[in-house]
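For reference, work_19.txt (compact mmCIF, C-alpha atoms):
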```txt
# COMPACT_ATOMS: atom_id res chain seq x y z
CA MET A 1 4.63 1.20 -29.60
CA ASP A 2 6.31 -1.01 -32.17
CA GLU A 3 4.61 0.16 -35.38
CA ILE A 4 3.25 3.63 -36.11
CA PRO A 5 0.82 4.44 -38.95
CA VAL A 6 2.00 7.46 -40.91
CA ARG A 7 0.52 9.66 -43.62
CA VAL A 8 2.70 11.66 -46.01
CA LYS A 9 0.57 14.25 -47.76
CA LEU A 10 1.55 16.92 -50.26
CA TRP A 11 -1.78 18.72 -50.34
CA ARG A 12 -1.53 22.08 -52.10
CA LEU A 13 0.58 23.99 -54.60
CA PHE A 14 0.08 27.77 -54.46
CA CYS A 15 1.27 29.96 -57.32
CA PHE A 16 2.30 33.32 -55.82
CA HIS A 17 4.39 34.90 -58.58
CA GLY A 18 4.40 34.81 -62.34
CA ALA A 19 5.87 36.77 -65.22
CA ASP A 20 5.47 34.22 -68.01
CA GLU A 21 3.76 35.27 -71.26
CA GLU A 22 1.13 32.60 -70.75
CA ALA A 23 -0.33 30.61 -67.91
CA SER A 24 1.95 28.08 -66.26
CA GLU A 25 1.54 24.33 -66.74
CA PRO A 26 3.08 22.73 -63.65
CA TYR A 27 3.43 19.04 -63.01
CA MET A 28 4.94 17.19 -60.09
CA TRP A 29 6.91 14.07 -59.27
CA VAL A 30 6.97 12.71 -55.71
CA ILE A 31 9.02 9.87 -54.24
CA GLY A 32 8.25 8.64 -50.73
CA PHE A 33 10.68 6.43 -48.81
CA LYS A 34 11.34 5.19 -45.32
CA PHE A 35 14.22 4.00 -43.16
CA ASP A 36 12.82 1.70 -40.50
CA GLY A 37 12.79 -1.79 -39.08
CA SER A 38 10.83 -3.13 -42.04
CA THR A 39 13.32 -1.83 -44.62
CA MET A 40 16.64 -1.96 -42.71
CA LYS A 41 17.79 -5.08 -40.86
CA GLN A 42 21.24 -5.52 -39.36
CA ALA A 43 23.36 -8.31 -40.84
CA LEU A 44 26.64 -8.33 -38.88
CA ALA A 45 28.40 -5.08 -39.86
CA ARG A 46 26.01 -4.12 -42.69
CA PHE A 47 22.33 -3.55 -43.37
CA ASN A 48 20.07 -5.64 -45.54
CA TRP A 49 17.77 -3.34 -47.52
CA THR A 50 14.16 -4.15 -48.41
CA PRO A 51 12.93 -0.87 -49.92
CA ASP A 52 9.42 0.46 -49.63
CA TYR A 53 8.70 3.43 -51.91
CA PHE A 54 5.84 5.63 -53.01
CA PHE A 55 6.15 6.76 -56.63
CA SER A 56 3.65 9.38 -57.80
CA GLN A 57 1.65 8.69 -60.93
CA GLY A 58 1.89 10.64 -64.17
CA SER A 59 3.78 13.60 -65.54
CA HIS A 60 2.19 16.18 -67.86
CA GLY A 61 -1.26 17.11 -66.55
CA CYS A 62 -0.95 15.00 -63.39
CA LEU A 63 -2.11 17.93 -61.21
CA GLY A 64 -5.39 18.17 -63.10
CA THR A 65 -4.79 21.63 -64.57
CA ARG A 66 -2.74 23.23 -67.34
CA ASN A 67 -3.82 26.83 -66.79
CA VAL A 68 -2.20 28.24 -63.68
CA ARG A 69 -1.86 31.95 -62.98
CA PRO A 70 -0.64 33.84 -59.90
CA GLY A 71 -3.02 33.31 -56.98
CA ALA A 72 -4.07 29.83 -58.08
CA LYS A 73 -4.37 27.13 -55.42
CA ILE A 74 -3.89 23.63 -56.81
CA SER A 75 -5.14 20.69 -54.75
CA ILE A 76 -2.66 17.88 -55.29
CA PRO A 77 -4.36 14.59 -56.24
CA ALA A 78 -3.87 11.66 -53.85
CA ASN A 79 -2.15 9.52 -56.50
CA VAL A 80 0.48 12.23 -56.80
CA GLY A 81 1.00 13.37 -53.22
CA THR A 82 -0.51 11.03 -50.58
CA TRP A 83 1.17 7.95 -49.13
CA GLU A 84 -0.04 5.95 -46.13
CA THR A 85 2.41 3.52 -44.56
CA THR A 86 3.83 2.44 -41.19
CA ILE A 87 7.25 2.86 -39.60
CA LYS A 88 8.93 0.52 -37.11
CA PRO A 89 12.04 1.01 -34.94
CA ILE A 90 15.40 -0.11 -36.34
CA LYS A 91 17.04 -2.66 -34.04
CA LEU A 92 20.81 -2.20 -33.75
CA THR A 93 23.36 -4.20 -31.76
CA ASP A 94 26.93 -3.01 -31.25
CA ALA A 95 30.10 -5.09 -30.81
CA GLN A 96 29.56 -5.22 -27.03
CA GLY A 97 26.07 -6.68 -27.45
CA ASN A 98 24.23 -3.49 -26.51
CA SER A 99 20.89 -3.35 -28.33
CA THR A 100 19.11 -0.13 -29.15
CA ASP A 101 15.78 0.58 -30.84
CA VAL A 102 16.25 3.57 -33.15
CA PRO A 103 13.11 5.46 -34.22
CA GLY A 104 12.15 4.78 -37.82
CA ALA A 105 11.94 7.65 -40.30
CA VAL A 106 9.83 8.49 -43.33
CA GLY A 107 10.44 11.14 -45.97
CA PHE A 108 9.79 12.37 -49.46
CA ALA A 109 11.41 14.13 -52.37
CA ALA A 110 9.27 16.32 -54.64
CA VAL A 111 10.06 18.08 -57.92
CA VAL A 112 7.79 20.66 -59.51
CA LEU A 113 8.32 21.15 -63.26
CA GLU A 114 6.94 23.43 -65.98
CA GLU A 115 5.53 21.76 -69.07
CA ASN A 116 6.75 23.29 -72.31
CA ASN A 117 7.74 21.52 -75.55
CA VAL A 118 8.88 18.11 -74.30
CA PRO A 119 6.50 15.33 -75.51
CA ASP A 120 4.42 13.47 -72.93
CA ASP A 121 6.29 10.17 -73.35
CA ALA A 122 9.67 11.90 -72.97
CA ALA A 123 8.53 13.63 -69.78
CA GLU A 124 7.44 10.28 -68.36
CA ALA A 125 10.81 8.80 -69.35
CA GLY A 126 12.44 11.52 -67.24
CA HIS A 127 10.06 10.65 -64.41
CA GLN A 128 11.02 6.98 -64.43
CA ALA A 129 14.71 7.84 -64.67
CA LEU A 130 14.38 10.02 -61.56
CA ASN A 131 12.59 7.22 -59.68
CA ASN A 132 15.37 4.78 -60.56
CA PHE A 133 18.12 7.27 -59.69
CA VAL A 134 16.68 8.01 -56.24
CA ALA A 135 15.99 4.32 -55.51
CA ASN A 136 19.52 3.30 -56.50
CA THR A 137 21.08 6.15 -54.50
CA LEU A 138 19.13 5.25 -51.36
CA GLU A 139 20.02 1.57 -51.71
CA SER A 140 23.71 2.43 -52.03
CA PHE A 141 23.43 4.64 -48.96
CA VAL A 142 21.84 1.97 -46.74
CA THR A 143 23.89 -1.03 -47.86
CA GLY A 144 27.06 1.04 -47.80
CA ILE A 145 26.89 1.83 -44.08
CA ASN A 146 29.72 0.12 -42.23
CA LEU A 147 28.30 -0.47 -38.77
CA LEU A 148 31.71 -0.84 -37.13
CA GLU A 149 32.67 2.64 -38.27
CA PHE A 150 29.13 3.88 -37.66
CA ASN A 151 29.12 2.62 -34.05
CA GLN A 152 32.41 4.41 -33.41
CA ALA A 153 30.90 7.65 -34.68
CA VAL A 154 27.91 7.06 -32.41
CA GLN A 155 30.20 6.38 -29.45
CA ASP A 156 31.98 9.67 -30.11
CA ARG A 157 28.63 11.44 -29.83
CA VAL A 158 27.84 9.54 -26.61
CA ASN A 159 31.22 10.55 -25.19
CA ASN A 160 30.25 14.15 -25.89
CA GLY A 161 27.13 13.79 -23.76
CA ALA A 162 24.42 12.48 -26.11
CA ALA A 163 22.08 9.65 -25.15
CA ARG A 164 22.80 6.54 -27.21
CA ASP A 165 19.45 6.39 -29.05
CA LYS A 166 19.69 10.13 -29.87
CA ALA A 167 23.30 9.70 -30.98
CA ILE A 168 22.30 6.95 -33.41
CA GLU A 169 19.41 9.00 -34.77
CA ASP A 170 21.60 12.09 -35.25
CA GLU A 171 24.38 10.12 -36.94
CA LEU A 172 21.94 8.53 -39.41
CA ARG A 173 20.42 11.92 -40.20
CA ALA A 174 23.83 13.52 -40.73
CA ARG A 175 24.73 10.81 -43.23
CA PHE A 176 21.38 11.12 -44.95
CA ASP A 177 21.99 14.84 -45.45
CA VAL A 178 24.92 13.88 -47.69
CA VAL A 179 22.67 11.54 -49.69
CA GLN A 180 20.08 14.28 -50.05
CA GLN A 181 22.72 16.55 -51.56
CA THR A 182 23.82 13.77 -53.94
CA ILE A 183 20.26 13.36 -55.18
CA SER A 184 19.73 17.10 -55.51
CA ASP A 185 22.99 17.57 -57.44
CA GLY A 186 22.46 14.67 -59.83
CA ALA A 187 18.72 14.63 -60.47
CA SER A 188 18.58 17.31 -63.19
CA ASP A 189 21.21 15.66 -65.37
CA VAL A 190 19.55 12.25 -65.01
CA VAL A 191 16.15 13.63 -65.99
CA SER A 192 17.46 15.73 -68.89
CA GLN A 193 19.41 12.83 -70.36
CA ALA A 194 16.43 10.47 -70.12
CA MET A 195 14.18 13.02 -71.82
CA ARG A 196 16.69 13.56 -74.64
CA ASN A 197 17.09 9.82 -75.16
CA ALA A 198 13.31 9.43 -75.52
CA MET A 199 12.96 12.07 -78.27
CA ASN A 200 13.64 11.88 -82.01
CA LEU A 201 15.48 14.66 -83.86
CA PRO A 202 12.43 16.82 -84.70
CA GLU A 203 11.21 16.52 -81.12
CA LEU A 204 14.66 17.43 -79.83
CA ALA A 205 14.72 20.51 -82.01
CA TRP A 206 11.23 21.56 -80.90
CA ALA A 207 12.00 20.91 -77.21
CA GLY A 208 15.24 22.84 -77.57
CA ILE A 209 13.26 26.00 -78.31
CA ASP A 210 11.46 25.81 -74.94
CA LYS A 211 12.16 22.66 -72.96
CA ASP A 212 10.44 21.59 -69.76
CA GLN A 213 12.19 23.06 -66.76
CA VAL A 214 12.46 22.36 -63.04
CA MET A 215 10.66 25.00 -60.98
CA GLY A 216 11.85 23.76 -57.60
CA ARG A 217 12.47 20.85 -55.23
CA ALA A 218 11.47 19.85 -51.70
CA PHE A 219 13.10 17.21 -49.53
CA HIS A 220 11.95 16.26 -46.01
CA LEU A 221 12.58 13.49 -43.46
CA ALA A 222 10.74 12.94 -40.15
CA THR A 223 11.51 10.40 -37.44
CA ALA A 224 8.91 8.69 -35.27
CA ALA A 225 10.38 10.48 -32.25
CA GLN A 226 9.89 13.89 -33.88
CA LEU A 227 6.30 13.12 -34.79
CA ILE A 228 5.40 11.80 -31.34
CA ASN A 229 6.84 14.91 -29.69
CA GLU A 230 4.51 17.15 -31.70
CA GLY A 231 1.25 18.04 -29.98
CA ASP A 232 -0.83 16.95 -32.96
CA PHE A 233 1.72 14.34 -34.13
CA THR A 234 2.17 16.37 -37.33
CA LEU A 235 5.08 18.13 -38.99
CA ASP A 236 3.98 20.78 -41.52
CA PHE A 237 6.21 22.04 -44.32
CA ASP A 238 5.96 25.13 -46.54
CA ASP A 239 8.53 25.17 -49.32
CA ASN A 240 9.02 28.18 -51.59
CA LEU A 241 9.97 26.91 -55.04
CA PHE A 242 11.56 29.17 -57.66
CA ASP A 243 12.77 28.44 -61.17
CA ASN A 244 15.40 31.12 -60.50
CA PRO A 245 16.51 30.71 -56.85
CA ALA A 246 19.21 33.37 -57.16
CA LEU A 247 16.69 36.01 -58.29
CA PRO A 248 13.16 34.67 -57.71
CA GLU A 249 11.37 37.88 -58.65
CA ALA A 250 12.90 37.65 -62.15
CA GLY A 251 11.78 34.08 -62.78
CA ASP A 252 8.79 32.93 -64.78
CA PHE A 253 6.84 31.49 -61.87
CA ALA A 254 7.19 30.78 -58.14
CA TYR A 255 5.20 28.47 -55.92
CA THR A 256 4.65 27.46 -52.31
CA LEU A 257 4.30 23.73 -51.75
CA HIS A 258 2.27 22.84 -48.65
CA SER A 259 2.84 19.35 -47.23
CA LEU A 260 2.80 17.39 -44.00
CA ILE A 261 3.91 14.16 -42.39
CA LYS A 262 1.51 12.90 -39.71
CA ALA A 263 1.69 9.98 -37.29
CA ARG A 264 -1.76 8.49 -36.92
CA VAL A 265 -1.56 7.76 -33.19
CA LYS A 266 -3.22 8.93 -29.99
CA TRP A 267 -2.45 8.88 -26.30
CA ARG A 268 -4.59 6.60 -24.13
CA ALA A 269 -4.46 7.29 -20.40
CA ILE A 270 -3.63 4.31 -18.21
CA PRO A 271 -4.65 4.04 -14.54
CA SER A 272 -2.18 4.22 -11.71
CA GLN A 273 -0.98 0.69 -10.96
CA LEU A 274 -0.33 0.78 -7.22
CA PRO A 275 1.89 -2.15 -6.13
CA ALA A 276 0.22 -4.90 -4.16
CA GLU A 277 2.91 -4.83 -1.45
CA HIS A 278 2.07 -3.14 1.84
CA ASP A 279 5.36 -1.22 1.98
CA ILE A 280 5.96 0.89 -1.12
CA GLN A 281 9.03 2.88 -2.08
CA ILE A 282 8.40 6.49 -3.12
CA GLN A 283 10.83 7.16 -5.96
CA GLY A 284 9.63 10.57 -7.10
CA ILE A 285 7.39 13.47 -6.18
CA SER A 286 5.85 16.65 -7.49
CA ARG A 287 5.79 19.77 -5.40
CA GLY A 288 3.26 22.45 -4.58
CA PHE A 289 3.71 25.79 -2.82
CA SER A 290 1.60 26.87 0.14
CA ARG A 291 1.04 30.62 0.25
CA ASP A 292 -0.33 30.30 3.78
CA ARG A 293 2.71 28.45 5.13
CA LYS A 294 5.12 30.08 2.63
CA SER A 295 6.81 26.76 1.92
CA TYR A 296 6.87 23.89 -0.55
CA TYR A 297 5.04 20.65 0.16
CA ILE A 298 4.65 17.22 -1.43
CA ALA A 299 1.69 17.40 -3.81
CA ASN A 300 2.00 13.95 -5.43
CA VAL A 301 4.16 10.84 -5.04
CA GLY A 302 4.90 8.00 -7.42
CA GLY A 303 7.30 5.45 -8.81
CA VAL A 304 7.87 2.52 -11.16
CA VAL A 305 7.65 -1.06 -9.83
CA ASN A 306 8.17 -4.10 -12.09
CA GLY A 307 7.60 -1.93 -15.13
CA ASN A 308 4.31 -0.54 -13.82
CA SER A 309 3.84 3.16 -13.04
CA TRP A 310 1.97 4.36 -9.99
CA TRP A 311 1.16 7.78 -8.60
CA MET A 312 -1.27 9.40 -6.18
CA GLY A 313 -2.03 12.71 -4.56
CA ARG A 314 -0.88 13.80 -1.13
CA SER A 315 -4.27 13.38 0.52
CA ASP A 316 -4.73 9.81 -0.77
CA ALA A 317 -1.25 8.82 0.44
CA CYS A 318 -1.91 10.40 3.84
CA GLY A 319 -5.21 8.54 4.13
CA MET A 320 -3.61 5.17 3.32
CA ILE A 321 -0.91 5.70 5.94
CA GLN A 322 -3.36 6.85 8.59
CA ASP A 323 -5.75 3.92 8.20
CA GLY A 324 -2.92 1.37 7.83
CA ARG A 325 -3.69 0.23 4.29
CA LYS A 326 -0.18 1.10 3.03
CA ALA A 327 3.18 2.22 4.33
CA PHE A 328 5.59 4.32 2.26
CA TYR A 329 9.35 4.75 2.54
CA VAL A 330 12.33 6.42 0.88
CA LEU A 331 15.31 4.24 -0.01
CA ASP A 332 18.61 5.67 1.23
CA GLY A 333 21.89 5.35 -0.60
CA ASP A 334 23.05 2.76 1.96
CA GLY A 335 19.99 0.59 1.29
CA SER A 336 18.14 1.50 4.45
CA HIS A 337 14.44 2.40 4.47
CA THR A 338 13.30 5.73 5.88
CA PRO A 339 9.57 5.68 6.66
CA VAL A 340 7.26 8.40 5.39
CA SER A 341 4.90 9.76 8.00
CA VAL A 342 1.91 12.07 8.15
CA VAL A 343 1.93 15.38 10.00
CA SER A 344 -1.32 17.18 10.80
CA PRO A 345 -0.52 20.65 12.18
CA PRO A 346 -3.10 22.03 14.63
CA ASP A 347 -3.26 25.31 12.71
CA SER A 348 -3.96 23.66 9.35
CA HIS A 349 -6.96 21.88 7.82
CA TRP A 350 -4.89 19.34 5.91
CA SER A 351 -2.06 16.89 6.52
CA TYR A 352 1.25 16.59 4.72
CA LEU A 353 3.91 13.93 4.09
CA THR A 354 7.37 14.02 5.58
CA THR A 355 10.35 11.96 6.69
CA PRO A 356 12.05 12.20 10.12
CA ALA A 357 14.32 15.19 10.56
CA ASP A 358 17.93 14.02 10.43
CA ASP A 359 21.27 14.85 8.85
CA HIS A 360 20.75 12.58 5.81
CA PRO A 361 19.50 14.78 2.93
CA GLY A 362 19.21 11.74 0.65
CA ASN A 363 16.06 10.56 2.42
CA ASN A 364 14.32 13.93 2.19
CA LEU A 365 11.16 13.67 0.07
CA LEU A 366 11.77 17.07 -1.45
CA SER A 367 15.15 15.88 -2.74
CA LEU A 368 13.55 13.20 -4.92
CA PRO A 369 13.18 13.71 -8.69
CA LYS A 370 9.88 14.44 -10.40
CA TYR A 371 7.98 11.16 -10.48
CA TYR A 372 6.79 11.64 -14.07
CA GLU A 373 10.40 11.95 -15.25
CA LEU A 374 11.50 8.62 -13.76
CA PRO A 375 12.91 6.11 -16.29
CA GLY A 376 10.11 3.87 -17.49
CA PHE A 377 7.33 6.02 -16.05
CA HIS A 378 4.21 6.14 -18.22
CA SER A 379 0.80 7.58 -17.41
CA ALA A 380 -0.40 7.13 -20.99
CA VAL A 381 0.44 4.82 -23.89
CA LEU A 382 0.47 5.39 -27.63
CA GLU A 383 -1.95 3.43 -29.73
CA PRO A 384 -2.86 3.59 -33.43
CA ASP A 385 -5.48 6.09 -34.53
CA PRO A 386 -6.64 4.51 -37.81
CA PHE A 387 -6.90 6.66 -40.91
CA GLY A 388 -10.36 7.99 -41.57
```

Is it possible to give me this structure as structure tokens?
Amino acid sequence: MDEIPVRVKLWRLFCFHGADEEASEPYMWVIGFKFDGSTMKQALARFNWTPDYFFSQGSHGCLGTRNVRPGAKISIPANVGTWETTIKPIKLTDAQGNSTDVPGAVGFAAVVLEENNVPDDAAEAGHQALNNFVANTLESFVTGINLLEFNQAVQDRVNNGAARDKAIEDELRARFDVVQQTISDGASDVVSQAMRNAMNLPELAWAGIDKDQVMGRAFHLATAAQLINEGDFTLDFDDNLFDNPALPEAGDFAYTLHSLIKARVKWRAIPSQLPAEHDIQIQGISRGFSRDRKSYYIANVGGVVNGNSWWMGRSDACGMIQDGRKAFYVLDGDGSHTPVSVVSPPDSHWSYLTTPADDHPGNNLLSLPKYYELPGFHSAVLEPDPFG
């Protein structure tokens, strides 16, 4: 599937601790971003960057409440915490001409702040400064990747046993972790300076008595591969946010931020696509165990032919062989075909599949891999599940 619809949703802020003299007045800034085939395109040894961001709206009062006490559950408005977008694979080609589709990724950064004496316009100035800082940092990260050096790092991972697509994904994530730390380390100074620059002297003096403060941060990234591997295509996050991380119980307030990243896709079953040829190679099997005979048997057979997956149960395969509709074989290492036959024991009510007894273990059906793990095998396909 080339393009996957995705929803990023920060949906609730729960206040679970407070020791402030008055109720808390939290507000939140959220920045959504993605690294995918629509934002990153290879240009020789570099990337061209066409950013696609979500910037939350508002500062003071953006959560719809200014009276938060311990136990409060704040539903985060959509214009603050919900972003719907799509992610596409990143197409990479190395110096040897090998092309790889790398799963796209989507993520977000969130900052929860406490409103105190900073004026509304100064708070919003800090908000815009943070947006610009994150955007500029991400642009520098993407355009600064040297693909010659990057491909060597990927090759080192491959040499250590990683699959190439996984090696690329892991190398990108490792580099992004450094960028995440850069943003986390620099954000507070950027915001504070922008707020100070937006205030006059009386406002600075008033804000200095009790300035707005950062209560906590959350930072998450999810790849398409991670989302697809989840049963419900969703990654859930619960972040505990403290204004005093070293001693949270001594802080003014503490929160849990509940959020998720969800791929809006579904699996659609596809029918077995049995090849038209009369003679069909069995490339894989699944096994069953007979308690009566105390032995394993072939329960299902299958394979991939011209990009199409096929599979069937033992009884169907036996029936096709017995009435002459199809013939099945196992391909030996030397290129020879070993026919698959049907055996119907007199003491059993059902037939089973086998190959002739010989001293070539490579043509034994039970030595074949699981058919559903064959490269290119698909019994279902992903398709979009539009947002409701």

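Using only C-alpha atoms, the smallest distance between any of A:Pro375, A:Pro77, A:Pro51, A:Pro346 and A:Gly284 comes from A:Pro375.
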
- Message: Need to verify the contact set: stretch 313-324 of chain A, 7 Å, all atoms listed in the file, exclusion of same-chain residues closer than 4 positions in sequence. Can you return it as a list in words?
- Response: Ile298, Ala299, Asn300, Val301, Val342, Tyr352 and Leu353 of chain A

- Closest of A:Ser367, A:Asp347, A:Glu277, A:Arg287 to A:Lys326 - atom-to-atom distances counting only C-alpha atoms: A:Glu277

Compile a residue-level contact table for stretch 163-224 of chain A against stretch 119-129 of chain A at a cut-off of 6 Å, reporting for every qualifying residue the shortest atom pair and its distance in Å to one decimal, with all atoms listed in the file counted, rows ordered by chain and ascending number, as CSV.
```
residue,atom,partner,partner_atom,distance
A:Val191,CA,A:Gly126,CA,4.4
A:Ala194,CA,A:Gly126,CA,5.0
A:Met195,CA,A:Ala122,CA,4.8
A:Ala198,CA,A:Ala122,CA,5.1
```

- Message: Here is a test: counting only C-alpha atoms, which residue of A:Ala187, A:Ala327, A:Leu92, A:Leu221 is nearest to A:Gly32?
- Response: A:Leu221

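Using only C-alpha atoms, the shortest contact distance between A:Ile76 and any of A:Met215, A:Leu235, A:Ile145, A:Leu257 is found at A:Leu257.
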
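Closest to A:Ile285 among A:Ile4, A:Leu368, A:Val112, A:Leu130 is A:Leu368, based on all atoms listed in the file.
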
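Neighbouring residues of A:Pro26 at 9 Å or closer, counting only C-alpha atoms and skipping chain neighbours under 4 positions away, are His60, Gly61, Cys62, Leu63, Thr65, Arg66, Asn67, Val68, Val112, Leu113, Glu114, Glu115 and Met215 of chain A.
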
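Among the candidates A:Val118, A:Val6, A:Val304, A:Leu44, the residue lying nearest to A:Arg196 is A:Val118 (atoms considered: all atoms listed in the file).
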
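Excluding A:Phe35 and any residue on its chain fewer than 4 positions from it, the residues at most 8 Å away by only C-alpha atoms are Thr39, Met40, Ile87, Gly104, Ala105 and Val106 of chain A.
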
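Residue neighbourhood of A:Ile282, excluding near-sequence residues (fewer than 5 positions): Val301, Gly302, Gly303, Phe328, Tyr329, Val330 and Leu331 of chain A, at 8 Å, using all atoms listed in the file.
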
- Residues near A:Leu13, cut-off 8 Å, only C-alpha atoms, skip fewer than 5 positions along chain, as an MDAnalysis selection string: chainID A and resid 73:76 255:258

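Take atom CA of A:Ser341 and atom CA of A:Gly288: the distance between them is 17.9 Å.
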
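Across the structure, atom CA of A:Trp49 and atom CA of A:Thr137 are spaced 12.2 Å apart.
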
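Interatomic distance, atom CA of A:Ala222 to atom CA of A:Leu241: 20.4 Å.
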
Centre and edge lengths, as JSON, for the axis-aligned box enclosing every listed atom of stretch 225-232 of chain A with 8 Å of padding on each of the six sides, in Å to one decimal?
```
{"center_x": 4.8, "center_y": 14.3, "center_z": -32.2, "size_x": 27.2, "size_y": 23.6, "size_z": 21.1}
```
